[in-house]
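Visitor: File run_30.cif follows (mmCIF, C-alpha atoms and all ligand atoms):
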data_coords
loop_
_atom_site.label_atom_id
_atom_site.label_comp_id
_atom_site.auth_asym_id
_atom_site.auth_seq_id
_atom_site.Cartn_x
_atom_site.Cartn_y
_atom_site.Cartn_z
CA MET H 1 -25.37 -136.43 106.84
CA LYS H 2 -25.85 -133.70 109.41
CA LEU H 3 -29.41 -133.38 110.70
CA THR H 4 -29.40 -129.60 110.36
CA SER H 5 -30.02 -129.94 106.62
CA ILE H 6 -33.15 -132.04 107.33
CA LEU H 7 -34.44 -129.98 110.26
CA LYS H 8 -34.06 -126.61 108.58
CA SER H 9 -35.98 -127.65 105.47
CA ASP H 10 -39.74 -127.06 105.11
CA LYS H 11 -40.32 -130.73 104.29
CA LEU H 12 -42.29 -132.60 106.95
CA SER H 13 -40.15 -135.22 108.67
CA LEU H 14 -41.09 -138.22 110.78
CA SER H 15 -38.10 -139.87 112.46
CA PHE H 16 -37.76 -142.67 115.02
CA GLU H 17 -35.93 -143.31 118.28
CA VAL H 18 -34.68 -146.76 119.24
CA PHE H 19 -32.89 -148.03 122.32
CA PRO H 20 -29.97 -150.46 122.56
CA PRO H 21 -30.19 -153.92 124.14
CA LYS H 22 -29.42 -154.25 127.84
CA THR H 23 -27.47 -157.50 127.39
CA ASP H 24 -25.41 -159.34 124.76
CA THR H 25 -28.08 -162.04 124.51
CA ALA H 26 -30.76 -159.50 123.60
CA PHE H 27 -28.63 -157.93 120.85
CA GLU H 28 -29.94 -159.98 117.94
CA SER H 29 -33.65 -159.55 118.65
CA VAL H 30 -33.25 -155.83 119.33
CA GLU H 31 -31.15 -155.38 116.22
CA CYS H 32 -33.76 -157.19 114.14
CA ALA H 33 -36.54 -154.86 115.39
CA ILE H 34 -34.36 -151.79 114.79
CA GLU H 35 -33.50 -152.94 111.27
CA GLN H 36 -37.20 -153.23 110.44
CA ILE H 37 -37.65 -149.62 111.54
CA ALA H 38 -34.63 -148.55 109.48
CA ALA H 39 -36.12 -150.32 106.45
CA LEU H 40 -38.95 -147.77 106.57
CA LYS H 41 -36.26 -145.26 105.48
CA PRO H 42 -37.04 -142.47 107.93
CA PRO H 43 -35.13 -139.19 107.41
CA PHE H 44 -33.08 -140.06 110.50
CA MET H 45 -33.03 -142.31 113.57
CA SER H 46 -31.68 -141.79 117.07
CA VAL H 47 -30.22 -144.40 119.41
CA THR H 48 -30.44 -143.74 123.15
CA TYR H 49 -27.48 -144.11 125.50
CA GLY H 50 -27.48 -146.01 128.74
CA ALA H 51 -31.20 -145.56 129.33
CA GLY H 52 -32.52 -148.52 131.33
CA GLY H 53 -29.10 -150.11 131.70
CA GLY H 54 -27.91 -150.37 128.06
CA THR H 55 -24.33 -149.43 127.32
CA GLY H 56 -22.55 -146.93 125.11
CA LYS H 57 -20.91 -149.76 123.23
CA TYR H 58 -24.29 -150.87 121.85
CA THR H 59 -25.44 -147.34 121.05
CA LEU H 60 -22.56 -146.81 118.69
CA GLU H 61 -22.62 -150.35 117.35
CA ILE H 62 -26.26 -149.98 116.33
CA ALA H 63 -25.81 -146.47 114.95
CA LYS H 64 -22.90 -147.66 112.79
CA ARG H 65 -24.72 -150.74 111.48
CA ILE H 66 -27.92 -148.90 110.57
CA LYS H 67 -26.01 -146.13 108.85
CA ALA H 68 -23.88 -148.60 106.86
CA THR H 69 -26.69 -151.02 105.94
CA TYR H 70 -29.63 -148.70 105.36
CA GLY H 71 -27.97 -145.33 104.74
CA VAL H 72 -30.24 -143.73 107.36
CA PRO H 73 -28.57 -140.68 109.00
CA MET H 74 -27.98 -141.48 112.68
CA LEU H 75 -28.14 -139.46 115.87
CA ALA H 76 -26.12 -141.05 118.71
CA HIS H 77 -27.18 -140.07 122.24
CA LEU H 78 -24.48 -139.50 124.87
CA THR H 79 -24.91 -138.77 128.58
CA CYS H 80 -22.31 -137.30 130.92
CA VAL H 81 -23.46 -137.00 134.52
CA SER H 82 -22.38 -140.36 135.87
CA SER H 83 -19.19 -140.42 133.76
CA ASP H 84 -15.72 -139.00 134.10
CA LYS H 85 -13.86 -136.95 131.48
CA LYS H 86 -11.74 -139.91 130.35
CA THR H 87 -14.82 -142.01 129.52
CA VAL H 88 -16.67 -139.15 127.83
CA HIS H 89 -13.63 -138.15 125.75
CA ALA H 90 -13.23 -141.77 124.63
CA GLN H 91 -16.91 -141.91 123.63
CA ILE H 92 -16.65 -138.65 121.68
CA GLU H 93 -13.62 -139.97 119.83
CA ALA H 94 -15.38 -143.28 119.10
CA ILE H 95 -18.42 -141.45 117.69
CA ARG H 96 -16.19 -139.29 115.51
CA ALA H 97 -14.15 -142.29 114.31
CA ALA H 98 -17.39 -144.14 113.42
CA GLY H 99 -18.35 -141.30 111.10
CA ILE H 100 -21.47 -140.41 113.12
CA GLN H 101 -21.97 -136.68 112.69
CA ASN H 102 -24.97 -136.12 114.96
CA VAL H 103 -24.84 -136.30 118.76
CA MET H 104 -27.61 -135.74 121.30
CA ALA H 105 -25.83 -134.18 124.29
CA LEU H 106 -27.58 -135.16 127.51
CA ARG H 107 -26.93 -134.88 131.18
CA GLY H 108 -28.69 -138.17 132.01
CA ASP H 109 -30.73 -138.82 135.11
CA ILE H 110 -28.91 -138.67 138.43
CA PRO H 111 -28.78 -142.27 139.70
CA ALA H 112 -31.02 -142.66 142.79
CA HIS H 113 -28.11 -143.67 145.06
CA LEU H 114 -26.23 -140.47 144.16
CA GLU H 115 -29.08 -138.00 144.61
CA ASP H 116 -27.79 -136.83 147.99
CA ALA H 117 -24.09 -137.29 147.18
CA ASP H 118 -21.53 -134.48 147.34
CA ARG H 119 -21.32 -133.40 143.68
CA SER H 120 -18.49 -130.91 144.02
CA ASN H 121 -15.89 -133.22 142.46
CA TRP H 122 -18.05 -134.49 139.59
CA ASP H 123 -16.64 -133.84 136.13
CA TYR H 124 -20.09 -133.04 134.70
CA HIS H 125 -23.08 -131.33 136.26
CA HIS H 126 -25.29 -130.38 133.31
CA ALA H 127 -25.72 -131.17 129.62
CA ILE H 128 -24.17 -127.79 128.77
CA ASP H 129 -20.81 -129.17 130.01
CA LEU H 130 -21.04 -131.94 127.40
CA VAL H 131 -22.13 -129.55 124.64
CA ARG H 132 -18.99 -127.49 125.35
CA GLU H 133 -16.76 -130.60 125.27
CA LEU H 134 -18.26 -131.75 121.97
CA ARG H 135 -17.62 -128.32 120.48
CA ALA H 136 -14.10 -128.22 121.93
CA SER H 137 -13.31 -131.69 120.49
CA GLY H 138 -12.78 -130.06 117.10
CA ALA H 139 -15.06 -132.61 115.37
CA ASP H 140 -17.70 -131.00 113.18
CA PHE H 141 -20.72 -132.43 115.03
CA CYS H 142 -24.36 -131.43 114.65
CA ILE H 143 -25.39 -131.27 118.32
CA GLY H 144 -28.87 -131.74 119.77
CA GLY H 145 -30.14 -131.01 123.28
CA ALA H 146 -33.22 -132.07 125.25
CA CYS H 147 -36.02 -129.68 126.19
CA TYR H 148 -39.15 -129.96 128.29
CA PRO H 149 -42.51 -128.45 127.25
CA GLU H 150 -43.82 -129.26 130.76
CA VAL H 151 -40.62 -128.04 132.51
CA HIS H 152 -37.82 -130.38 133.65
CA PRO H 153 -38.88 -131.97 136.99
CA GLU H 154 -35.82 -130.50 138.77
CA SER H 155 -36.52 -126.91 137.67
CA LYS H 156 -38.20 -124.46 140.02
CA ASN H 157 -40.23 -122.93 137.21
CA GLN H 158 -40.39 -122.57 133.44
CA LYS H 159 -38.56 -119.25 133.39
CA GLU H 160 -35.51 -120.80 135.06
CA ASP H 161 -35.70 -123.90 132.84
CA LEU H 162 -35.83 -121.75 129.68
CA MET H 163 -32.91 -119.62 130.88
CA HIS H 164 -30.77 -122.76 131.25
CA LEU H 165 -32.04 -124.02 127.90
CA ALA H 166 -31.05 -120.79 126.15
CA GLN H 167 -27.55 -121.07 127.70
CA LYS H 168 -27.29 -124.68 126.47
CA VAL H 169 -28.26 -123.62 122.94
CA ASP H 170 -25.80 -120.72 123.01
CA ALA H 171 -23.06 -123.17 124.05
CA GLY H 172 -23.53 -124.97 120.74
CA CYS H 173 -26.81 -126.88 120.25
CA ASP H 174 -27.98 -126.94 116.63
CA PHE H 175 -31.42 -128.26 117.50
CA LEU H 176 -33.59 -129.43 120.41
CA THR H 177 -35.84 -132.44 120.84
CA THR H 178 -38.72 -132.33 123.31
CA GLN H 179 -39.65 -134.70 126.05
CA MET H 180 -42.85 -136.62 125.20
CA PHE H 181 -46.14 -134.77 125.65
CA PHE H 182 -49.75 -135.83 125.10
CA ASP H 183 -51.41 -132.43 124.79
CA ASN H 184 -50.19 -130.41 121.81
CA ASN H 185 -51.23 -127.12 123.40
CA LEU H 186 -48.41 -127.61 125.91
CA LEU H 187 -45.94 -127.71 123.03
CA TYR H 188 -47.40 -124.65 121.31
CA ASN H 189 -47.14 -122.65 124.58
CA PHE H 190 -43.58 -123.88 125.08
CA LEU H 191 -42.53 -122.95 121.53
CA TYR H 192 -43.91 -119.45 121.99
CA LYS H 193 -42.00 -118.99 125.25
CA ALA H 194 -38.82 -120.54 123.88
CA ARG H 195 -38.83 -118.11 120.94
CA GLU H 196 -39.47 -115.29 123.42
CA ALA H 197 -36.40 -116.48 125.39
CA GLY H 198 -34.34 -116.07 122.19
CA ILE H 199 -34.16 -119.76 121.26
CA THR H 200 -34.32 -119.95 117.48
CA VAL H 201 -32.88 -123.40 116.65
CA PRO H 202 -35.26 -126.05 115.22
CA VAL H 203 -37.33 -127.86 117.85
CA VAL H 204 -38.22 -131.49 117.08
CA ALA H 205 -41.46 -132.63 118.75
CA GLY H 206 -41.14 -135.97 120.59
CA ILE H 207 -44.22 -138.20 120.43
CA MET H 208 -44.61 -141.44 122.38
CA PRO H 209 -47.32 -143.78 121.08
CA ILE H 210 -48.78 -145.50 124.15
CA THR H 211 -49.76 -148.93 122.91
CA ASN H 212 -50.32 -150.78 126.16
CA ALA H 213 -51.77 -149.71 129.48
CA SER H 214 -48.67 -150.58 131.53
CA GLN H 215 -46.59 -148.11 129.48
CA ILE H 216 -48.57 -145.21 130.93
CA GLU H 217 -47.30 -145.47 134.47
CA ARG H 218 -43.71 -145.67 133.23
CA ALA H 219 -44.20 -142.75 130.85
CA ILE H 220 -45.58 -140.54 133.63
CA LYS H 221 -42.78 -141.58 136.00
CA LEU H 222 -40.09 -140.83 133.40
CA SER H 223 -41.47 -137.61 132.04
CA GLY H 224 -44.04 -136.26 134.52
CA SER H 225 -46.24 -135.68 131.45
CA HIS H 226 -49.83 -134.52 131.82
CA MET H 227 -52.29 -137.10 130.47
CA PRO H 228 -55.34 -135.34 128.99
CA ARG H 229 -58.81 -136.64 129.89
CA ARG H 230 -59.38 -137.58 126.25
CA PHE H 231 -56.37 -139.90 126.37
CA LEU H 232 -57.26 -141.40 129.76
CA SER H 233 -60.79 -142.23 128.51
CA LEU H 234 -59.25 -144.20 125.73
CA VAL H 235 -57.12 -146.16 128.21
CA ASP H 236 -60.15 -146.75 130.48
CA LYS H 237 -62.09 -148.17 127.57
CA PHE H 238 -59.42 -150.19 125.75
CA GLY H 239 -56.61 -150.70 128.31
CA SER H 240 -57.55 -154.29 129.11
CA ASP H 241 -57.71 -155.35 125.44
CA PRO H 242 -54.12 -155.36 124.08
CA ALA H 243 -55.06 -155.30 120.38
CA ALA H 244 -57.63 -152.54 120.81
CA MET H 245 -55.27 -150.49 123.02
CA LYS H 246 -52.53 -150.74 120.43
CA GLN H 247 -54.86 -149.56 117.68
CA ALA H 248 -56.19 -146.71 119.84
CA GLY H 249 -52.66 -145.65 120.94
CA ILE H 250 -51.45 -145.55 117.33
CA ALA H 251 -54.54 -143.53 116.32
CA TYR H 252 -53.97 -141.05 119.20
CA ALA H 253 -50.29 -140.55 118.27
CA THR H 254 -51.24 -140.18 114.59
CA ASP H 255 -53.84 -137.57 115.47
CA GLN H 256 -51.29 -135.65 117.58
CA ILE H 257 -48.77 -135.71 114.71
CA ILE H 258 -51.32 -134.51 112.12
CA ASP H 259 -52.25 -131.61 114.41
CA LEU H 260 -48.54 -130.73 114.84
CA PHE H 261 -47.90 -130.78 111.09
CA ALA H 262 -51.05 -128.72 110.51
CA ASN H 263 -49.70 -126.12 112.94
CA ASN H 264 -46.31 -125.76 111.23
CA VAL H 265 -44.29 -128.09 113.41
CA THR H 266 -42.25 -129.72 110.63
CA ASN H 267 -40.17 -132.30 112.53
CA VAL H 268 -41.68 -135.05 114.67
CA HIS H 269 -39.59 -137.74 116.38
CA VAL H 270 -41.47 -140.88 117.42
CA TYR H 271 -40.35 -142.74 120.53
CA SER H 272 -41.03 -146.02 118.79
CA MET H 273 -39.75 -148.23 121.67
CA ASN H 274 -38.21 -150.71 119.19
CA LYS H 275 -41.67 -151.64 117.90
CA PRO H 276 -41.45 -151.81 114.09
CA GLU H 277 -45.17 -152.52 113.67
CA VAL H 278 -46.03 -149.30 115.55
CA ALA H 279 -43.54 -147.23 113.52
CA ALA H 280 -44.86 -148.75 110.27
CA ALA H 281 -48.51 -148.18 111.19
CA ILE H 282 -47.95 -144.50 112.02
CA MET H 283 -45.99 -144.00 108.82
CA ALA H 284 -48.71 -145.71 106.78
CA ASN H 285 -51.37 -143.50 108.41
CA LEU H 286 -49.40 -140.44 107.27
CA SER H 287 -48.27 -141.69 103.86
CA ASP H 288 -49.95 -138.99 101.79
CA ILE H 289 -49.19 -136.27 104.32
CA LEU H 290 -45.50 -137.18 104.24
CA GLY H 291 -45.59 -137.50 100.47
CA LYS H 292 -44.45 -141.13 100.45
P1 LIG H 301 -29.82 -130.50 131.49
O1 LIG H 301 -29.93 -129.72 130.24
O2 LIG H 301 -28.53 -130.44 132.23
O3 LIG H 301 -31.01 -130.04 132.45
C1 LIG H 301 -31.31 -130.76 133.64
C2 LIG H 301 -31.82 -129.81 134.71
O4 LIG H 301 -30.75 -128.94 135.13
C3 LIG H 301 -32.94 -128.87 134.25
O5 LIG H 301 -33.79 -128.66 135.34
C4 LIG H 301 -32.21 -127.59 133.87
O6 LIG H 301 -33.05 -126.45 133.94
C5 LIG H 301 -31.11 -127.56 134.93
N1 LIG H 301 -29.90 -126.87 134.48
C6 LIG H 301 -29.34 -126.91 133.25
N2 LIG H 301 -28.21 -126.16 133.23
C7 LIG H 301 -28.07 -125.64 134.48
C8 LIG H 301 -27.11 -124.79 135.10
N3 LIG H 301 -26.06 -124.32 134.39
N4 LIG H 301 -27.29 -124.47 136.40
C9 LIG H 301 -28.32 -124.93 137.13
N5 LIG H 301 -29.28 -125.75 136.59
C10 LIG H 301 -29.15 -126.10 135.29
N6 LIG H 301 -31.47 -140.17 129.30
C11 LIG H 301 -30.55 -141.16 129.14
O7 LIG H 301 -30.00 -141.68 130.11
N7 LIG H 301 -30.21 -141.59 127.87
C12 LIG H 301 -30.76 -141.05 126.76
O8 LIG H 301 -30.42 -141.47 125.65
C13 LIG H 301 -31.74 -140.01 126.91
N8 LIG H 301 -32.31 -139.43 125.81
C14 LIG H 301 -33.19 -138.38 125.99
C15 LIG H 301 -33.72 -137.74 124.86
C16 LIG H 301 -34.64 -136.69 125.00
C17 LIG H 301 -35.19 -136.01 123.77
C18 LIG H 301 -35.02 -136.28 126.31
C19 LIG H 301 -36.02 -135.15 126.47
C20 LIG H 301 -34.48 -136.89 127.43
C21 LIG H 301 -33.56 -137.95 127.29
N9 LIG H 301 -32.98 -138.58 128.40
C22 LIG H 301 -32.06 -139.59 128.22
C23 LIG H 301 -33.37 -138.18 129.76
C24 LIG H 301 -32.46 -137.05 130.28
O9 LIG H 301 -31.15 -137.53 130.47
C25 LIG H 301 -33.06 -136.55 131.60
O10 LIG H 301 -34.28 -135.91 131.36
C26 LIG H 301 -32.15 -135.72 132.49
O11 LIG H 301 -32.79 -135.60 133.78
C27 LIG H 301 -31.87 -134.30 132.01
O12 LIG H 301 -31.07 -134.30 130.93
P2 LIG H 301 -30.80 -132.92 130.11
O13 LIG H 301 -29.81 -133.24 129.08
O14 LIG H 301 -32.08 -132.30 129.72
O15 LIG H 301 -30.11 -132.04 131.29
#
In structure tokens, write the structure found in this file.
Ligand code: FAD
Guide:
Amino acid sequence: MKLTSILKSDKLSLSFEVFPPKTDTAFESVECAIEQIAALKPPFMSVTYGAGGGTGKYTLEIAKRIKATYGVPMLAHLTCVSSDKKTVHAQIEAIRAAGIQNVMALRGDIPAHLEDADRSNWDYHHAIDLVRELRASGADFCIGGACYPEVHPESKNQKEDLMHLAQKVDAGCDFLTTQMFFDNNLLYNFLYKAREAGITVPVVAGIMPITNASQIERAIKLSGSHMPRRFLSLVDKFGSDPAAMKQAGIAYATDQIIDLFANNVTNVHVYSMNKPEVAAAIMANLSDILGK
């Protein structure tokens, strides 16, 4: 199923992101956690690509298995910047052949050792190049792109970031998913400016439940997200007690999601970090709101 039919409906949706294992030996335990999330029957799930050293092989393998076993519509991520055309074309063909209709088209982070490299002969520079290739492949994909309520760290300013985002959407994105954020007002400001920039595709809000104190540093490093005082107080108080921090992090994410739904954001994607108990707890907290 294409995600556009879910994202364009008025029905509130709560979906989950998972990431593939980094090694063969980790496959079974990761798959088991992912299957427990799939058993919650979310409207869709996404599987990241290459993040943290995983491989494309596992992304597709997991997407195929979850779709076949649980019937959950899948969104396969694909990055392009450290790949060549041959590899990317093979991945696109593999996704199509696996019957996965939804692809998140990403640039990927520039590997640290290539930051100062001569990029003139790279096959891909930005996610828009991948969006164009996916469209040109002839497969009838529903294509997603990433967006940044707090501005992508490499952009000079929000105006420039939104201009590039609008070009990416025009090249063929059917929807956008946001980077994580911890202050909903940042999203509301972003949505207003995105609409003003002519971006009218559905925007899925990405929420990361922070359930242990060590996750915070990594989340800030990855996303540059602003941590509101209210959230930091919670970490100060409960950060050294794992069970309490988990409960508080789930409550904070739940509160953020309720506020988003109350303000007409209909699609929320939870960066569930392969933690089925976190996904299940958030879903249970919202059971009546989601009508389940
Ligand atoms: P782009 O859209 O190319 O944007 C990157 C930067 O380039 C921005 O500053 C943009 O303004 C600028 N830009 C865009 N087009 C142009 C242009 N034509 N000229 C000049 N500048 C331009 N990473 C992974 O490795 N695997 C994943 O699975 C993954 N999933 C993600 C999912 C989401 C929802 C998000 C928000 C991020 C994800 N990432 C993932 C991280 C992502 O790869 C990085 O944030 C990366 O740095 C940017 O990717 P992008 O697709 O947003 O790039």
Visitor: Using all atoms listed in the file, which residues sit within 9 Å of segment 136-153 of chain H once same-chain residues fewer than 5 positions away are excluded, as a ChimeraX atom specification?
Guide: /H:2-4,75,77,89,92-93,96,100-106,127-128,131,158,161-162,165,168-169,172-181,186-191,203,223-226
Visitor: Could you tell me which of H:Gly99, H:Pro42, H:Pro20, H:Pro228 comes closest to ligand LIG 301 (chain H) if we count all atoms listed in the file?
Guide: H:Pro20
Visitor: Please determine, counting all atoms listed in the file, which residue among H:Phe19, H:Tyr49, H:Phe44, H:Phe182 has the shortest atom-to-atom distance to ligand LIG 301 (chain H).
Guide: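 Ranked by minimum distance to ligand LIG 301 (chain H), first place goes to H:Tyr49.
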Visitor: When you count all atoms listed in the file, which of these residues is closest to Met273 of chain H: H:Asp116, H:Gln247, H:Pro21, H:Asp170?
Guide: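 Looking at the shortest contact to Met273 of chain H, the residue is H:Pro21.
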Visitor: Would you kindly return, as an MDAnalysis selection string, each protein, DNA or RNA residue with an atom no farther than 12 Å from any atom of Asp84 of chain H, considering all atoms listed in the file and excluding same-chain residues fewer than 4 positions away?
Guide: chainID H and resid 79:80 88:91 121:125 129:130
Visitor: Could those selected residues go to a file with C-alpha atoms, as a PDB file, in the coordinates of the input?
Guide:
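As written to disk, selection.pdb reads:
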ATOM      1  CA  THR H  79     -24.910-138.770 128.580  1.00  0.00           C
ATOM      2  CA  CYS H  80     -22.310-137.300 130.920  1.00  0.00           C
ATOM      3  CA  VAL H  88     -16.670-139.150 127.830  1.00  0.00           C
ATOM      4  CA  HIS H  89     -13.630-138.150 125.750  1.00  0.00           C
ATOM      5  CA  ALA H  90     -13.230-141.770 124.630  1.00  0.00           C
ATOM      6  CA  GLN H  91     -16.910-141.910 123.630  1.00  0.00           C
ATOM      7  CA  ASN H 121     -15.890-133.220 142.460  1.00  0.00           C
ATOM      8  CA  TRP H 122     -18.050-134.490 139.590  1.00  0.00           C
ATOM      9  CA  ASP H 123     -16.640-133.840 136.130  1.00  0.00           C
ATOM     10  CA  TYR H 124     -20.090-133.040 134.700  1.00  0.00           C
ATOM     11  CA  HIS H 125     -23.080-131.330 136.260  1.00  0.00           C
ATOM     12  CA  ASP H 129     -20.810-129.170 130.010  1.00  0.00           C
ATOM     13  CA  LEU H 130     -21.040-131.940 127.400  1.00  0.00           C
TER      14      LEU H 130
END
Visitor: To one decimal in Å, tell me the separation between atom CA of Ala197 of chain H and atom O11 of ligand LIG 301 (chain H).
Guide: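 If I compute the distance from atom CA of Ala197 of chain H to atom O11 of ligand LIG 301 (chain H), I get 21.2 Å.
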Visitor: Nearest to ligand LIG 301 (chain H): which of H:Glu35, H:Glu17, H:Asp259, H:Glu133 is it, counting all atoms listed in the file?
Guide: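 Smallest separation from ligand LIG 301 (chain H) among the options: H:Glu17.
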Visitor: Measuring atom to atom with all atoms listed in the file, identify which of H:Glu160, H:Glu196, H:Asp236, H:Glu28 is nearest to ligand LIG 301 (chain H).
Guide: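 Looking at the shortest contact to ligand LIG 301 (chain H), the residue is H:Glu160.
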Visitor: Using atom O13 of ligand LIG 301 (chain H) and atom CA of Gly206 of chain H as the two end points, give the distance in Å to one decimal.
Guide: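 Atom-to-atom, atom O13 of ligand LIG 301 (chain H) to atom CA of Gly206 of chain H, that is 14.4 Å.
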Visitor: Rank nothing, just name the residue among H:Ser13, H:Ser46, H:Ser82, H:Thr87 nearest to His113 of chain H, using all atoms listed in the file.
Guide: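 Closest to His113 of chain H of all the choices is H:Ser82.
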Visitor: Between atom CA of Pro73 of chain H and atom CA of Pro43 of chain H, what distance in Å does the model show, to one decimal?
Guide: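 Separation of atom CA of Pro73 of chain H and atom CA of Pro43 of chain H: 6.9 Å.
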Visitor: Can you pull out the residues contacting Leu286 of chain H? Cut-off 9 Å, using all atoms listed in the file, and skip same-chain residues under 4 positions away; I want them as a list in words.
Guide: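 The contact residues come out as Thr254, Ile257, Ile258, Ala281, Ile282, Leu290, Gly291 and Lys292 of chain H.
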Visitor: List the neighbours of Met45 of chain H out to 10 Å using all atoms listed in the file; skip same-chain residues closer than 3 positions along the sequence, and give me the result as a compact mmCIF listing (two decimals) with C-alpha atoms, in the coordinates of the input.
Guide:
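Wrote result.txt, looks like this:
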# COMPACT_ATOMS: atom_id res chain seq x y z
CA LEU H 14 -41.09 -138.22 110.78
CA SER H 15 -38.10 -139.87 112.46
CA PHE H 16 -37.76 -142.67 115.02
CA GLU H 17 -35.93 -143.31 118.28
CA VAL H 18 -34.68 -146.76 119.24
CA ILE H 34 -34.36 -151.79 114.79
CA ILE H 37 -37.65 -149.62 111.54
CA ALA H 38 -34.63 -148.55 109.48
CA LYS H 41 -36.26 -145.26 105.48
CA PRO H 42 -37.04 -142.47 107.93
CA ALA H 63 -25.81 -146.47 114.95
CA ILE H 66 -27.92 -148.90 110.57
CA LYS H 67 -26.01 -146.13 108.85
CA VAL H 72 -30.24 -143.73 107.36
CA PRO H 73 -28.57 -140.68 109.00
CA MET H 74 -27.98 -141.48 112.68
CA LEU H 75 -28.14 -139.46 115.87
CA ALA H 76 -26.12 -141.05 118.71
CA HIS H 269 -39.59 -137.74 116.38
CA VAL H 270 -41.47 -140.88 117.42
